[in-house]
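Listing of input_30.txt; format and content: compact mmCIF, C-alpha atoms and all ligand atoms.
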```txt
# COMPACT_ATOMS: atom_id res chain seq x y z
CA MET A 21 0.00 0.00 0.00
CA ILE A 22 1.38 3.41 -0.95
CA PRO A 23 0.53 5.85 1.86
CA ILE A 24 -0.48 9.46 1.31
CA ALA A 25 2.28 10.87 3.56
CA LYS A 26 4.95 9.78 6.01
CA PRO A 27 7.18 11.77 8.38
CA TYR A 28 10.88 11.47 7.59
CA LEU A 29 12.43 10.52 10.93
CA THR A 30 15.64 8.57 11.42
CA LYS A 31 17.94 7.35 14.19
CA LYS A 32 19.27 10.91 14.45
CA GLU A 33 15.95 12.17 15.78
CA ALA A 34 15.57 9.09 18.00
CA LYS A 35 19.05 9.62 19.44
CA ALA A 36 18.36 13.31 20.09
CA ALA A 37 15.16 12.41 21.96
CA TYR A 38 17.00 9.68 23.89
CA ASP A 39 19.80 12.05 24.93
CA THR A 40 17.29 14.67 26.01
CA ILE A 41 15.33 12.20 28.11
CA LEU A 42 18.51 11.14 29.92
CA SER A 43 19.59 14.76 30.41
CA GLY A 44 16.87 15.14 33.00
CA TRP A 45 15.40 18.27 31.42
CA ILE A 46 12.40 17.13 29.44
CA THR A 47 9.92 19.99 29.22
CA GLN A 48 10.53 23.52 27.87
CA GLY A 49 14.19 24.33 28.51
CA PRO A 50 17.54 24.53 26.69
CA ARG A 51 16.54 22.45 23.64
CA VAL A 52 13.44 24.61 23.10
CA ALA A 53 15.60 27.75 23.26
CA GLU A 54 18.05 26.23 20.76
CA PHE A 55 15.24 25.17 18.40
CA GLU A 56 13.79 28.70 18.51
CA GLU A 57 17.14 30.30 17.75
CA LYS A 58 17.80 27.95 14.85
CA PHE A 59 14.30 28.30 13.44
CA ALA A 60 14.50 32.10 13.59
CA ALA A 61 17.89 32.01 11.84
CA TYR A 62 16.56 29.59 9.21
CA THR A 63 13.54 31.72 8.33
CA GLY A 64 15.33 35.04 8.67
CA ALA A 65 12.93 36.29 11.34
CA LYS A 66 14.23 38.14 14.36
CA TYR A 67 12.45 35.97 16.95
CA ALA A 68 10.75 32.60 17.18
CA VAL A 69 8.49 31.26 19.94
CA ALA A 70 7.96 27.50 20.19
CA VAL A 71 4.53 26.29 21.27
CA SER A 72 2.64 23.02 21.53
CA ASN A 73 1.15 23.09 18.00
CA CYS A 74 0.10 25.49 15.25
CA THR A 75 -3.42 25.86 16.62
CA THR A 76 -2.05 27.30 19.86
CA ALA A 77 0.39 29.41 17.81
CA LEU A 78 -2.59 30.91 15.98
CA HIS A 79 -4.47 31.44 19.25
CA LEU A 80 -1.56 33.39 20.79
CA SER A 81 -1.19 35.39 17.57
CA MET A 82 -4.86 36.40 17.76
CA ILE A 83 -4.36 37.54 21.36
CA VAL A 84 -1.25 39.66 20.75
CA ALA A 85 -2.78 41.12 17.58
CA GLY A 86 -5.56 42.39 19.83
CA VAL A 87 -8.37 40.38 18.20
CA GLY A 88 -11.33 39.96 20.54
CA PRO A 89 -15.12 39.72 20.91
CA GLY A 90 -17.04 41.64 18.26
CA ASP A 91 -14.13 41.65 15.81
CA GLU A 92 -14.14 40.01 12.41
CA VAL A 93 -11.18 38.19 10.89
CA ILE A 94 -11.15 37.34 7.18
CA CYS A 95 -9.80 33.88 6.35
CA PRO A 96 -10.43 31.09 3.85
CA SER A 97 -13.15 28.54 4.59
CA MET A 98 -11.12 26.12 2.52
CA SER A 99 -8.45 25.34 5.07
CA TYR A 100 -7.90 22.98 7.93
CA ILE A 101 -10.56 23.81 10.55
CA ALA A 102 -7.92 25.07 13.04
CA THR A 103 -7.57 28.25 10.96
CA ALA A 104 -11.13 29.41 11.72
CA ASN A 105 -11.21 27.86 15.20
CA SER A 106 -8.33 30.09 16.33
CA ILE A 107 -10.49 33.14 15.54
CA LYS A 108 -13.39 31.73 17.53
CA TYR A 109 -11.17 31.05 20.57
CA VAL A 110 -10.84 34.82 21.15
CA GLY A 111 -14.57 35.45 20.64
CA ALA A 112 -14.20 36.92 17.17
CA LYS A 113 -16.03 35.92 13.99
CA PRO A 114 -14.37 34.19 11.03
CA VAL A 115 -15.51 35.83 7.78
CA PHE A 116 -14.87 33.38 4.98
CA ALA A 117 -13.49 34.58 1.67
CA GLU A 118 -13.02 32.70 -1.59
CA ILE A 119 -9.83 31.12 -2.85
CA ASN A 120 -8.18 30.83 -6.24
CA PRO A 121 -8.36 27.19 -7.45
CA ALA A 122 -4.95 27.42 -9.15
CA ASN A 123 -3.13 27.69 -5.81
CA TYR A 124 -5.91 27.28 -3.19
CA ASN A 125 -4.91 30.60 -1.60
CA LEU A 126 -7.13 33.54 -0.63
CA ASP A 127 -8.61 35.63 -3.42
CA LEU A 128 -7.45 39.22 -2.89
CA LYS A 129 -10.52 40.82 -4.50
CA ASP A 130 -12.96 38.80 -2.44
CA VAL A 131 -11.05 39.60 0.75
CA ALA A 132 -11.14 43.33 -0.09
CA GLN A 133 -14.90 43.13 -0.61
CA LYS A 134 -15.43 41.50 2.76
CA ILE A 135 -13.68 44.18 4.82
CA THR A 136 -16.15 45.98 7.12
CA GLY A 137 -15.86 48.40 10.02
CA LYS A 138 -15.54 45.37 12.31
CA THR A 139 -12.65 43.73 10.48
CA LYS A 140 -9.58 43.51 12.68
CA ALA A 141 -7.26 41.15 10.83
CA ILE A 142 -6.65 38.99 7.77
CA LEU A 143 -5.55 35.41 8.41
CA LEU A 144 -3.60 34.45 5.31
CA VAL A 145 -3.01 30.71 4.75
CA HIS A 146 -0.18 29.34 2.58
CA GLN A 147 -2.26 26.39 1.60
CA ILE A 148 -0.50 23.02 1.37
CA GLY A 149 2.81 24.87 1.26
CA MET A 150 2.19 27.17 -1.72
CA PRO A 151 2.98 30.75 -0.69
CA ALA A 152 0.18 33.29 -0.96
CA ASP A 153 0.92 36.76 -2.35
CA ILE A 154 2.06 38.23 0.97
CA ASP A 155 2.92 41.70 -0.39
CA ALA A 156 -0.53 42.19 -1.89
CA PHE A 157 -2.22 41.25 1.38
CA LYS A 158 0.22 43.35 3.39
CA GLU A 159 -0.70 46.35 1.29
CA LEU A 160 -4.42 45.68 1.65
CA ALA A 161 -4.07 45.25 5.41
CA ALA A 162 -2.04 48.46 5.78
CA LYS A 163 -4.58 50.42 3.74
CA HIS A 164 -7.40 49.42 6.10
CA HIS A 165 -5.32 49.40 9.32
CA LEU A 166 -5.71 45.64 9.76
CA LYS A 167 -3.34 43.11 11.27
CA LEU A 168 -1.96 40.43 9.00
CA ILE A 169 -1.42 36.97 10.48
CA GLU A 170 0.05 34.14 8.40
CA ASP A 171 -1.09 30.56 8.88
CA ALA A 172 2.04 28.89 7.56
CA ALA A 173 1.19 25.53 9.18
CA CYS A 174 2.13 23.72 5.97
CA ALA A 175 4.75 26.15 4.69
CA ALA A 176 7.99 25.59 6.65
CA GLY A 177 10.79 26.07 4.13
CA SER A 178 8.61 27.50 1.35
CA SER A 179 9.75 30.85 0.03
CA TYR A 180 8.27 34.01 -1.42
CA LYS A 181 10.22 36.53 -3.50
CA GLY A 182 13.53 35.02 -2.47
CA ALA A 183 12.95 34.87 1.29
CA LYS A 184 11.70 32.04 3.48
CA ILE A 185 8.16 32.14 4.80
CA GLY A 186 8.40 33.45 8.35
CA SER A 187 10.41 36.55 7.54
CA HIS A 188 7.79 38.71 5.81
CA SER A 189 5.30 39.77 8.45
CA GLU A 190 4.76 40.16 12.18
CA LEU A 191 3.02 36.91 13.07
CA VAL A 192 3.72 33.71 11.17
CA CYS A 193 2.54 30.35 12.58
CA PHE A 194 4.02 26.95 11.73
CA SER A 195 3.05 23.35 12.49
CA PHE A 196 5.20 20.28 13.16
CA HIS A 197 2.36 17.77 12.99
CA PRO A 198 3.40 14.53 11.21
CA ARG A 199 1.33 15.51 8.16
CA LYS A 200 3.60 18.53 7.57
CA VAL A 201 7.09 18.49 5.98
CA ILE A 202 9.00 18.30 9.26
CA SER A 203 7.60 16.96 12.51
CA THR A 204 8.14 16.86 16.25
CA GLY A 205 5.11 14.60 16.82
CA ASP A 206 3.06 17.66 17.59
CA GLY A 207 4.56 21.11 17.79
CA GLY A 208 4.35 24.68 16.59
CA MET A 209 6.33 27.89 16.15
CA ILE A 210 5.56 31.57 15.73
CA THR A 211 8.10 33.82 14.04
CA THR A 212 7.99 37.58 14.50
CA ASN A 213 10.11 40.69 14.12
CA ASN A 214 8.10 42.49 16.77
CA GLU A 215 9.83 42.46 20.15
CA ALA A 216 6.70 43.29 22.14
CA TYR A 217 4.78 40.43 20.53
CA TYR A 218 7.72 38.12 21.16
CA LYS A 219 7.93 38.94 24.85
CA ARG A 220 4.19 38.67 25.40
CA MET A 221 3.87 35.33 23.58
CA LYS A 222 6.65 33.88 25.73
CA LEU A 223 4.63 34.82 28.79
CA LEU A 224 1.30 33.63 27.41
CA ARG A 225 2.56 30.16 26.51
CA GLN A 226 3.53 29.53 30.13
CA HIS A 227 0.64 30.76 32.29
CA GLY A 228 1.81 34.38 32.15
CA MET A 229 4.73 33.45 34.44
CA SER A 230 7.16 36.31 34.97
CA VAL A 231 10.14 33.97 35.40
CA ASN A 232 10.51 30.80 33.36
CA ASP A 233 11.61 27.48 34.87
CA ARG A 234 15.04 27.63 33.31
CA VAL A 235 15.90 31.10 34.64
CA ARG A 236 14.72 30.07 38.11
CA HIS A 237 16.68 26.82 37.91
CA GLU A 238 19.90 28.56 36.88
CA SER A 239 19.66 31.44 39.35
CA SER A 240 22.04 31.58 42.30
CA LYS A 241 19.54 33.69 44.20
CA ILE A 242 16.07 32.62 45.18
CA ILE A 243 13.45 33.94 42.78
CA PHE A 244 9.67 34.00 43.19
CA GLU A 245 7.55 34.18 40.10
CA ASP A 246 4.46 36.28 39.56
CA HIS A 247 1.70 35.56 37.01
CA LEU A 248 1.19 38.72 35.02
CA GLU A 249 -1.93 37.94 33.00
CA LEU A 250 -4.22 35.08 32.02
CA GLY A 251 -1.94 32.63 30.27
CA TYR A 252 -2.00 29.08 28.97
CA ASN A 253 0.05 25.93 28.99
CA TYR A 254 1.13 25.88 25.36
CA ARG A 255 4.67 24.65 26.00
CA LEU A 256 6.68 22.50 23.61
CA THR A 257 8.82 19.91 25.40
CA ASP A 258 12.60 19.65 25.12
CA ILE A 259 12.14 16.09 23.82
CA GLN A 260 10.11 17.45 20.91
CA ALA A 261 12.50 20.37 20.37
CA ALA A 262 15.50 18.00 20.21
CA VAL A 263 13.71 16.13 17.40
CA GLY A 264 12.82 19.46 15.76
CA ILE A 265 16.45 20.61 15.69
CA LYS A 266 17.43 17.46 13.77
CA GLN A 267 14.45 17.85 11.43
CA LEU A 268 15.31 21.47 10.73
CA GLU A 269 18.83 20.45 9.65
CA LYS A 270 17.22 18.31 6.93
CA LEU A 271 14.47 20.68 5.88
CA ASP A 272 16.07 22.05 2.71
CA TRP A 273 17.15 18.56 1.66
CA ILE A 274 13.62 17.22 2.27
CA ILE A 275 12.12 20.06 0.22
CA ALA A 276 14.52 19.51 -2.67
CA LYS A 277 13.45 15.84 -2.76
CA ARG A 278 9.76 16.72 -2.52
CA ARG A 279 10.06 19.23 -5.31
CA LYS A 280 11.68 16.60 -7.54
CA ILE A 281 8.72 14.27 -7.05
CA ALA A 282 6.27 17.11 -7.65
CA LEU A 283 8.10 17.93 -10.88
CA ARG A 284 7.82 14.31 -12.03
CA TYR A 285 4.06 14.39 -11.38
CA HIS A 286 3.87 17.68 -13.18
CA LYS A 287 5.65 16.43 -16.29
CA ALA A 288 3.63 13.23 -16.36
CA PHE A 289 0.25 14.91 -15.94
CA LYS A 290 0.63 18.09 -17.94
CA GLY A 291 -0.85 16.47 -21.04
CA ILE A 292 -4.09 15.51 -19.27
CA GLY A 293 -6.51 18.20 -20.36
CA CYS A 294 -9.25 17.67 -17.77
CA ILE A 295 -7.13 18.38 -14.68
CA GLN A 296 -5.67 21.56 -13.25
CA LEU A 297 -2.16 21.11 -11.84
CA PRO A 298 -0.69 23.24 -9.03
CA VAL A 299 0.55 26.57 -10.34
CA GLU A 300 3.81 27.94 -8.94
CA LYS A 301 4.33 31.47 -10.17
CA LYS A 302 7.73 33.14 -10.60
CA GLY A 303 9.06 34.20 -7.20
CA TYR A 304 7.04 31.55 -5.38
CA SER A 305 8.57 28.30 -4.17
CA SER A 306 6.42 25.61 -2.55
CA ASN A 307 7.69 22.90 -0.22
CA TYR A 308 4.95 20.68 -1.75
CA GLN A 309 3.59 19.67 1.63
CA SER A 310 0.85 18.15 -0.54
CA TYR A 311 0.38 17.65 -4.25
CA SER A 312 -3.22 18.36 -5.10
CA ILE A 313 -4.87 18.26 -8.52
CA TYR A 314 -8.24 19.71 -9.46
CA LEU A 315 -10.68 17.92 -11.76
CA LYS A 316 -12.14 20.33 -14.28
CA ASP A 317 -15.77 20.22 -15.40
CA ASP A 318 -15.01 18.16 -18.51
CA CYS A 319 -13.47 15.30 -16.52
CA SER A 320 -15.27 12.10 -17.48
CA LYS A 321 -14.76 10.35 -14.13
CA SER A 322 -15.98 11.43 -10.72
CA ARG A 323 -13.58 12.31 -7.92
CA ASN A 324 -14.80 9.43 -5.77
CA ASP A 325 -14.52 6.88 -8.58
CA ILE A 326 -10.92 7.95 -9.20
CA MET A 327 -10.08 7.78 -5.48
CA GLN A 328 -11.68 4.32 -5.19
CA ALA A 329 -9.84 3.01 -8.26
CA MET A 330 -6.56 4.33 -6.84
CA LEU A 331 -7.28 2.63 -3.52
CA ASP A 332 -8.12 -0.64 -5.32
CA ALA A 333 -4.70 -0.37 -6.96
CA GLY A 334 -3.03 0.03 -3.55
CA ILE A 335 -2.58 3.80 -3.58
CA SER A 336 -4.04 6.07 -0.89
CA THR A 337 -5.28 9.47 -1.90
CA ARG A 338 -7.21 12.14 0.02
CA ARG A 339 -9.99 14.51 -0.90
CA GLY A 340 -8.97 18.13 -1.30
CA ILE A 341 -8.75 20.50 1.64
CA MET A 342 -11.99 20.79 3.61
CA THR A 343 -14.37 23.76 3.60
CA THR A 344 -14.94 24.87 7.19
CA HIS A 345 -18.37 26.44 6.65
CA ARG A 346 -19.82 23.06 5.65
CA GLU A 347 -18.51 21.17 8.70
CA THR A 348 -21.07 20.31 11.40
CA ALA A 349 -19.50 22.66 13.95
CA TYR A 350 -19.99 25.64 11.58
CA LYS A 351 -22.92 24.59 9.36
CA GLU A 352 -25.71 26.23 11.31
CA GLU A 353 -24.01 29.58 11.84
CA TYR A 354 -23.03 29.81 8.17
CA ALA A 355 -26.18 28.20 6.71
CA GLY A 356 -26.79 31.05 4.26
CA LEU A 357 -23.19 31.23 3.03
CA ARG A 358 -22.26 29.99 -0.43
CA LEU A 359 -18.66 29.86 -1.57
CA PRO A 360 -18.95 28.22 -4.98
CA VAL A 361 -15.23 28.34 -5.84
CA SER A 362 -14.10 26.89 -2.51
CA GLU A 363 -16.84 24.27 -2.45
CA LYS A 364 -15.99 23.12 -5.95
CA ALA A 365 -12.26 23.08 -5.22
CA CYS A 366 -12.92 20.95 -2.14
CA ASP A 367 -15.26 18.55 -3.94
CA ARG A 368 -13.18 18.16 -7.08
CA SER A 369 -9.61 17.96 -5.74
CA ILE A 370 -7.50 14.89 -5.06
CA ILE A 371 -4.28 14.81 -3.04
CA LEU A 372 -1.72 12.30 -4.31
CA PRO A 373 0.96 10.48 -2.27
CA LEU A 374 4.16 12.46 -1.70
CA TYR A 375 6.69 11.65 1.01
CA ILE A 376 10.39 11.05 1.63
CA PRO A 377 11.82 8.58 0.84
CA MET A 378 9.35 7.57 -1.88
CA GLN A 379 10.60 4.69 -3.99
CA ASP A 380 10.94 5.19 -7.71
CA GLU A 381 8.58 2.36 -8.51
CA ASP A 382 5.95 3.85 -6.19
CA ILE A 383 6.16 7.21 -7.93
CA GLU A 384 5.85 5.43 -11.27
CA LYS A 385 2.89 3.40 -10.02
CA VAL A 386 1.03 6.56 -8.92
CA ILE A 387 1.76 8.20 -12.27
CA HIS A 388 0.77 5.16 -14.31
CA THR A 389 -2.42 4.40 -12.36
CA PHE A 390 -3.62 7.98 -12.25
CA THR A 391 -2.83 8.67 -15.91
CA SER A 392 -4.55 5.53 -17.17
CA LEU A 393 -7.69 6.40 -15.17
CA LEU A 394 -7.97 9.76 -16.89
CA GLN A 395 -7.27 8.69 -20.43
C1 LIG A 401 -2.25 21.51 10.12
C2 LIG A 401 -2.82 22.85 10.04
C3 LIG A 401 -3.13 23.60 11.19
C4 LIG A 401 -3.05 23.03 12.58
O1 LIG A 401 -1.77 22.64 12.95
P1 LIG A 401 -1.57 21.82 14.33
O2 LIG A 401 -0.12 21.87 14.56
O3 LIG A 401 -2.09 20.44 14.06
O4 LIG A 401 -2.35 22.52 15.37
C5 LIG A 401 -3.57 24.91 11.03
N1 LIG A 401 -3.73 25.45 9.82
C6 LIG A 401 -3.48 24.76 8.68
C7 LIG A 401 -3.65 25.43 7.36
C8 LIG A 401 -3.03 23.44 8.75
O5 LIG A 401 -2.80 22.76 7.63
```
Represent the structure from my file as structure tokens, please.
Amino acid sequence: MIPIAKPYLTKKEAKAAYDTILSGWITQGPRVAEFEEKFAAYTGAKYAVAVSNCTTALHLSMIVAGVGPGDEVICPSMSYIATANSIKYVGAKPVFAEINPANYNLDLKDVAQKITGKTKAILLVHQIGMPADIDAFKELAAKHHLKLIEDAACAAGSSYKGAKIGSHSELVCFSFHPRKVISTGDGGMITTNNEAYYKRMKLLRQHGMSVNDRVRHESSKIIFEDHLELGYNYRLTDIQAAVGIKQLEKLDWIIAKRRKIALRYHKAFKGIGCIQLPVEKKGYSSNYQSYSIYLKDDCSKSRNDIMQAMLDAGISTRRGIMTTHRETAYKEEYAGLRLPVSEKACDRSIILPLYIPMQDEDIEKVIHTFTSLLQ
């Protein structure tokens, strides 16, 4: 069976976790600090804050951006549900805008049309690793005095106009879930160039504690901590961070390999008229966290029939990215909302297997099976 995805973890990560466990310091401590420093340096951001996952990264970003009850935040419905949930956590309302089916990223015009007096922020997603047009959204946000937050859960190592995602704006959130390109089991990171945000997020992730465990541990004088505001336990552990440091060392290598596979798919499928392939414009570089194709209207086979035939041949595929407004948790509140482009993109997309290391014969099998189904 060819799986849809697989984390690339080796003895190096296992050894790093092993060493950390035996070091006696297993929750947030020196390895977390090292992972943050290295991640900031990798992305080119000034600061990085490690947290328990990308959902908590987004939650803290909403808080420091000042989003609260009564505010609206514009985001795509076609995204993993955590995107919209993070807006709800602070009592604000997700306002769903359309996407462009060529790259599954937010449609600038539709976002502009949805700005109201209540809009506080735009939550821009780099869907399945393909960078969105950050500069265009930055400009739109500045014009209307809105905050821009990037959901880069899938986009570690992707780049936009020559710089890594994470360096372009004030709040960029990453995920290290096993379905992403590098993993720490679960884990997240926020990069920022804003010192005030950085300091506050470090407090918020640890119950608002004025002194962290490590500082207290290393101090030669007794220190008593105070809790400065309502905080959370969103810590990453040192065991996870040790794994993350090893993963980060491989990130560019992993992406180069993923891009090679994506290119092979691209070359093999470009002659099939009834599908839309991912579009990577000049200046944009995807890490290909997923490879998703879109079935155009003239496709003779249904999405489900293709997925079933692939499964029968021993190849897992997944439906395209979900639409949040049609999920049970959101359905009632958004009952009147129609997003024809997003709904169609969700219903007519298929994600194909892509992971490292993927054997040559498995790549060929995916290509051969998929191509013969559509010819
Ligand atoms: C995976 C994902 C998340 C959530 O990440 P976790 O680390 O699992 O919390 C958020 N947004 C998008 C777009 C994602 O793909």
Quick one: contact table of chain A to ligand LIG 401 (chain A), 10 Å max, nearest atom pair and distance in Å to one decimal per residue, counting all atoms listed in the file, chain and number order, as JSON lines?
```
{"residue": "A:Val71", "atom": "CA", "partner": "A:LIG401", "partner_atom": "O2", "distance": 9.3}
{"residue": "A:Ser72", "atom": "CA", "partner": "A:LIG401", "partner_atom": "O2", "distance": 7.6}
{"residue": "A:Asn73", "atom": "CA", "partner": "A:LIG401", "partner_atom": "O2", "distance": 3.9}
{"residue": "A:Cys74", "atom": "CA", "partner": "A:LIG401", "partner_atom": "O2", "distance": 3.7}
{"residue": "A:Thr75", "atom": "CA", "partner": "A:LIG401", "partner_atom": "O4", "distance": 3.7}
{"residue": "A:Thr76", "atom": "CA", "partner": "A:LIG401", "partner_atom": "O4", "distance": 6.6}
{"residue": "A:Ala77", "atom": "CA", "partner": "A:LIG401", "partner_atom": "O4", "distance": 7.8}
{"residue": "A:Leu78", "atom": "CA", "partner": "A:LIG401", "partner_atom": "C5", "distance": 7.8}
{"residue": "A:His79", "atom": "CA", "partner": "A:LIG401", "partner_atom": "O4", "distance": 10.0}
{"residue": "A:Pro96", "atom": "CA", "partner": "A:LIG401", "partner_atom": "C7", "distance": 9.5}
{"residue": "A:Met98", "atom": "CA", "partner": "A:LIG401", "partner_atom": "C7", "distance": 8.9}
{"residue": "A:Ser99", "atom": "CA", "partner": "A:LIG401", "partner_atom": "C7", "distance": 5.3}
{"residue": "A:Tyr100", "atom": "CA", "partner": "A:LIG401", "partner_atom": "C6", "distance": 4.8}
{"residue": "A:Ile101", "atom": "CA", "partner": "A:LIG401", "partner_atom": "N1", "distance": 7.1}
{"residue": "A:Ala102", "atom": "CA", "partner": "A:LIG401", "partner_atom": "C5", "distance": 4.8}
{"residue": "A:Thr103", "atom": "CA", "partner": "A:LIG401", "partner_atom": "N1", "distance": 4.9}
{"residue": "A:Ala104", "atom": "CA", "partner": "A:LIG401", "partner_atom": "N1", "distance": 8.6}
{"residue": "A:Asn105", "atom": "CA", "partner": "A:LIG401", "partner_atom": "C5", "distance": 9.2}
{"residue": "A:Ser106", "atom": "CA", "partner": "A:LIG401", "partner_atom": "C5", "distance": 8.8}
{"residue": "A:Leu144", "atom": "CA", "partner": "A:LIG401", "partner_atom": "C7", "distance": 9.3}
{"residue": "A:Val145", "atom": "CA", "partner": "A:LIG401", "partner_atom": "C7", "distance": 5.9}
{"residue": "A:His146", "atom": "CA", "partner": "A:LIG401", "partner_atom": "C7", "distance": 7.1}
{"residue": "A:Gln147", "atom": "CA", "partner": "A:LIG401", "partner_atom": "C7", "distance": 6.0}
{"residue": "A:Ile148", "atom": "CA", "partner": "A:LIG401", "partner_atom": "O5", "distance": 6.7}
{"residue": "A:Gly149", "atom": "CA", "partner": "A:LIG401", "partner_atom": "O5", "distance": 8.7}
{"residue": "A:Glu170", "atom": "CA", "partner": "A:LIG401", "partner_atom": "C7", "distance": 9.5}
{"residue": "A:Asp171", "atom": "CA", "partner": "A:LIG401", "partner_atom": "N1", "distance": 5.8}
{"residue": "A:Ala172", "atom": "CA", "partner": "A:LIG401", "partner_atom": "C7", "distance": 6.7}
{"residue": "A:Ala173", "atom": "CA", "partner": "A:LIG401", "partner_atom": "C8", "distance": 4.7}
{"residue": "A:Cys174", "atom": "CA", "partner": "A:LIG401", "partner_atom": "O5", "distance": 5.3}
{"residue": "A:Ala175", "atom": "CA", "partner": "A:LIG401", "partner_atom": "O5", "distance": 8.8}
{"residue": "A:Cys193", "atom": "CA", "partner": "A:LIG401", "partner_atom": "C5", "distance": 8.3}
{"residue": "A:Phe194", "atom": "CA", "partner": "A:LIG401", "partner_atom": "O2", "distance": 7.1}
{"residue": "A:Ser195", "atom": "CA", "partner": "A:LIG401", "partner_atom": "O2", "distance": 4.1}
{"residue": "A:Phe196", "atom": "CA", "partner": "A:LIG401", "partner_atom": "O2", "distance": 5.7}
{"residue": "A:His197", "atom": "CA", "partner": "A:LIG401", "partner_atom": "O2", "distance": 5.0}
{"residue": "A:Pro198", "atom": "CA", "partner": "A:LIG401", "partner_atom": "O3", "distance": 8.6}
{"residue": "A:Arg199", "atom": "CA", "partner": "A:LIG401", "partner_atom": "C1", "distance": 7.3}
{"residue": "A:Lys200", "atom": "CA", "partner": "A:LIG401", "partner_atom": "C1", "distance": 7.0}
{"residue": "A:Ser203", "atom": "CA", "partner": "A:LIG401", "partner_atom": "O2", "distance": 9.4}
{"residue": "A:Thr204", "atom": "CA", "partner": "A:LIG401", "partner_atom": "O2", "distance": 9.8}
{"residue": "A:Gly205", "atom": "CA", "partner": "A:LIG401", "partner_atom": "O2", "distance": 9.2}
{"residue": "A:Asp206", "atom": "CA", "partner": "A:LIG401", "partner_atom": "O2", "distance": 6.1}
{"residue": "A:Gly207", "atom": "CA", "partner": "A:LIG401", "partner_atom": "O2", "distance": 5.7}
{"residue": "A:Gly208", "atom": "CA", "partner": "A:LIG401", "partner_atom": "O2", "distance": 5.7}
{"residue": "A:Met209", "atom": "CA", "partner": "A:LIG401", "partner_atom": "O2", "distance": 9.0}
{"residue": "A:Gln309", "atom": "CA", "partner": "A:LIG401", "partner_atom": "O5", "distance": 9.3}
{"residue": "A:Ile341", "atom": "CA", "partner": "A:LIG401", "partner_atom": "O5", "distance": 8.7}
```
Pick from A:Ile135, A:Ile142, A:Ile370, A:Leu223 nearest to Met330 in chain A, counting only C-alpha atoms
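With only C-alpha atoms as the atom set, the closest residue is A:Ile370.
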One-decimal distance in Å that lies between CA of Glu352 in chain A and CA of Ile94 in chain A:
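Between CA of Ile94 in chain A and CA of Glu352 in chain A the gap works out to 18.8 Å.
Between CA of Ile46 in chain A and CA of His237 in chain A the separation is 13.6 Å.
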Would you mind listing what lies within 7 Å of Asp272 in chain A as a PDB file with C-alpha atoms, in the coordinates of the input, with only C-alpha atoms counted and same-chain residues fewer than 3 positions away left out?
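Once written, around-v7.pdb looks like this:
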```
ATOM      1  CA  GLY A 177      10.790  26.070   4.130  1.00  0.00           C
ATOM      2  CA  ILE A 275      12.120  20.060   0.220  1.00  0.00           C
ATOM      3  CA  ALA A 276      14.520  19.510  -2.670  1.00  0.00           C
TER       4      ALA A 276
END
```
